[in-house]
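Novice: Just passing along the structure, written as structure tokens.
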Amino acid sequence: MTDAATEKDREKWMARFQVRLAMQPGVDRAVVLEAVKDVTAHCAETGEHPRAAFGDPDACAVQTAARLVPADRAARDRRRDSVVGALGSVLKRAEDVAGL
């Protein structure tokens with residue numbers, strides 16, 4: 001791979017990691033920034049590509065969230081997401097019944 005292609009692949013990995021991490025329950029901006037800082041520092045120190053060092057960005061995001069987010073906060077966010085999803089489903093059905 002050329003340097004430009006390697007850099008583009010590194011950027012894609014980091015972008016995917018950040019998006020997947022942000023989607024995890026309980027993850028806020030501070031967690032994403034801390035994780036990106038950790039990955040970036042590791043890769044700068046070792047010269048490794050993030051995929052070589054951390055594997056799949058999706059799996060890494062899940063593992064990172066489990067490590068950095070307190071379990072009670074993640075559980076609270078899961079409950080909230082479940083309630084919001086259920087409410088959205090009820091509203092959708094009401095719109096369908098009302099013909100809106």
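Quick note on naming: the chains in the structure tokens go A, B, ... in the order shown, residues restart at 1 in each chain, and ligands are numbered from 1 in order of appearance.
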Can you pull out the residues contacting Asp72 (chain A)? Cut-off 9 Å, using only C-alpha atoms, and skip same-chain residues under 4 positions away; I want them as an MDAnalysis selection string.

Specialist: chainID A and resid 26 76:77

Novice: Taking 6 positions as the minimum chain separation for residues in the same chain, which residues sit within 10 Å of Val36 (chain A) when counting only C-alpha atoms? Answer as a ChimeraX atom specification.

Specialist: /A:14-15,17-18,21,30,42

Novice: Can you write out the residues you just picked, keeping all heavy atoms, as a compact mmCIF listing (two decimals), in the first residue's frame?

Specialist:
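Result went into result_25.txt, see below:
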```txt
# COMPACT_ATOMS: atom_id res chain seq x y z
N MET A 14 -10.38 4.97 11.90
CA MET A 14 -10.65 5.88 13.01
C MET A 14 -12.08 6.44 12.94
O MET A 14 -12.76 6.55 13.96
CB MET A 14 -9.64 7.03 13.04
CG MET A 14 -8.25 6.61 13.48
SD MET A 14 -8.16 5.99 15.18
CE MET A 14 -8.48 7.48 16.09
N ALA A 15 -12.53 6.79 11.75
CA ALA A 15 -13.89 7.32 11.60
C ALA A 15 -14.92 6.27 11.99
O ALA A 15 -15.87 6.55 12.73
CB ALA A 15 -14.12 7.79 10.17
N PHE A 17 -14.47 3.67 13.94
CA PHE A 17 -14.32 3.45 15.39
C PHE A 17 -15.07 4.53 16.17
O PHE A 17 -15.82 4.23 17.10
CB PHE A 17 -12.83 3.45 15.75
CG PHE A 17 -12.55 3.43 17.22
CD1 PHE A 17 -12.86 2.33 17.99
CD2 PHE A 17 -11.97 4.53 17.84
CE1 PHE A 17 -12.59 2.30 19.36
CE2 PHE A 17 -11.70 4.51 19.20
CZ PHE A 17 -12.01 3.40 19.96
N GLN A 18 -14.89 5.78 15.79
CA GLN A 18 -15.54 6.89 16.50
C GLN A 18 -17.06 6.81 16.40
O GLN A 18 -17.76 7.01 17.40
CB GLN A 18 -15.05 8.23 15.95
CG GLN A 18 -13.61 8.53 16.32
CD GLN A 18 -13.13 9.81 15.69
OE1 GLN A 18 -13.71 10.85 15.92
NE2 GLN A 18 -12.09 9.72 14.88
N LEU A 21 -18.29 3.82 18.42
CA LEU A 21 -18.12 4.10 19.84
C LEU A 21 -19.21 5.06 20.32
O LEU A 21 -19.82 4.84 21.37
CB LEU A 21 -16.73 4.67 20.12
CG LEU A 21 -16.40 4.98 21.57
CD1 LEU A 21 -16.53 3.73 22.45
CD2 LEU A 21 -15.00 5.55 21.67
N ALA A 30 -16.66 12.98 25.94
CA ALA A 30 -15.41 12.80 26.70
C ALA A 30 -14.85 11.38 26.50
O ALA A 30 -13.64 11.20 26.37
CB ALA A 30 -15.65 13.08 28.18
N HIS A 42 -1.08 5.37 20.89
CA HIS A 42 -0.50 4.04 20.71
C HIS A 42 0.08 3.88 19.31
O HIS A 42 1.21 3.40 19.15
CB HIS A 42 -1.55 2.95 20.97
CG HIS A 42 -1.03 1.58 20.69
ND1 HIS A 42 -0.33 0.86 21.62
CD2 HIS A 42 -1.08 0.81 19.58
CE1 HIS A 42 0.03 -0.30 21.09
NE2 HIS A 42 -0.42 -0.35 19.85
```

Novice: List the neighbours of Leu68 (chain A) out to 9 Å using only C-alpha atoms; skip same-chain residues closer than 2 positions along the sequence, and give me the result as a ChimeraX atom specification.

Specialist: /A:27,31,34-35,63-66,70

Novice: For the residues selected in the previous step, produce a file with N, CA, C and O atoms as an mmCIF file, in the first residue's frame.

Specialist:
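Dumped to again_33.cif:
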```
data_model
loop_
_atom_site.group_PDB
_atom_site.id
_atom_site.type_symbol
_atom_site.label_atom_id
_atom_site.label_comp_id
_atom_site.auth_asym_id
_atom_site.auth_seq_id
_atom_site.Cartn_x
_atom_site.Cartn_y
_atom_site.Cartn_z
ATOM 1 N N VAL A 27 -21.935 6.308 26.190
ATOM 2 C CA VAL A 27 -20.756 6.979 25.660
ATOM 3 C C VAL A 27 -21.086 8.439 25.375
ATOM 4 O O VAL A 27 -22.075 8.748 24.725
ATOM 5 N N VAL A 31 -15.721 10.394 26.467
ATOM 6 C CA VAL A 31 -15.280 9.015 26.274
ATOM 7 C C VAL A 31 -14.693 8.855 24.875
ATOM 8 O O VAL A 31 -13.630 8.240 24.709
ATOM 9 N N GLU A 34 -11.276 10.538 24.748
ATOM 10 C CA GLU A 34 -10.267 9.760 25.475
ATOM 11 C C GLU A 34 -9.832 8.541 24.666
ATOM 12 O O GLU A 34 -8.635 8.238 24.549
ATOM 13 N N ALA A 35 -10.796 7.850 24.078
ATOM 14 C CA ALA A 35 -10.482 6.654 23.305
ATOM 15 C C ALA A 35 -9.663 6.989 22.062
ATOM 16 O O ALA A 35 -8.696 6.294 21.742
ATOM 17 N N GLN A 63 -15.647 -2.983 22.954
ATOM 18 C CA GLN A 63 -14.733 -3.272 24.064
ATOM 19 C C GLN A 63 -14.320 -1.995 24.790
ATOM 20 O O GLN A 63 -14.231 -1.967 26.024
ATOM 21 N N THR A 64 -14.075 -0.943 24.032
ATOM 22 C CA THR A 64 -13.659 0.325 24.620
ATOM 23 C C THR A 64 -14.773 0.909 25.470
ATOM 24 O O THR A 64 -14.534 1.392 26.579
ATOM 25 N N ALA A 65 -16.002 0.862 24.973
ATOM 26 C CA ALA A 65 -17.137 1.368 25.746
ATOM 27 C C ALA A 65 -17.294 0.574 27.040
ATOM 28 O O ALA A 65 -17.513 1.155 28.108
ATOM 29 N N ALA A 66 -17.146 -0.739 26.955
ATOM 30 C CA ALA A 66 -17.269 -1.571 28.156
ATOM 31 C C ALA A 66 -16.198 -1.214 29.183
ATOM 32 O O ALA A 66 -16.446 -1.255 30.388
ATOM 33 N N PRO A 70 -19.038 3.502 32.880
ATOM 34 C CA PRO A 70 -19.529 2.793 34.065
ATOM 35 C C PRO A 70 -20.779 1.978 33.717
ATOM 36 O O PRO A 70 -21.643 2.438 32.958
#
```
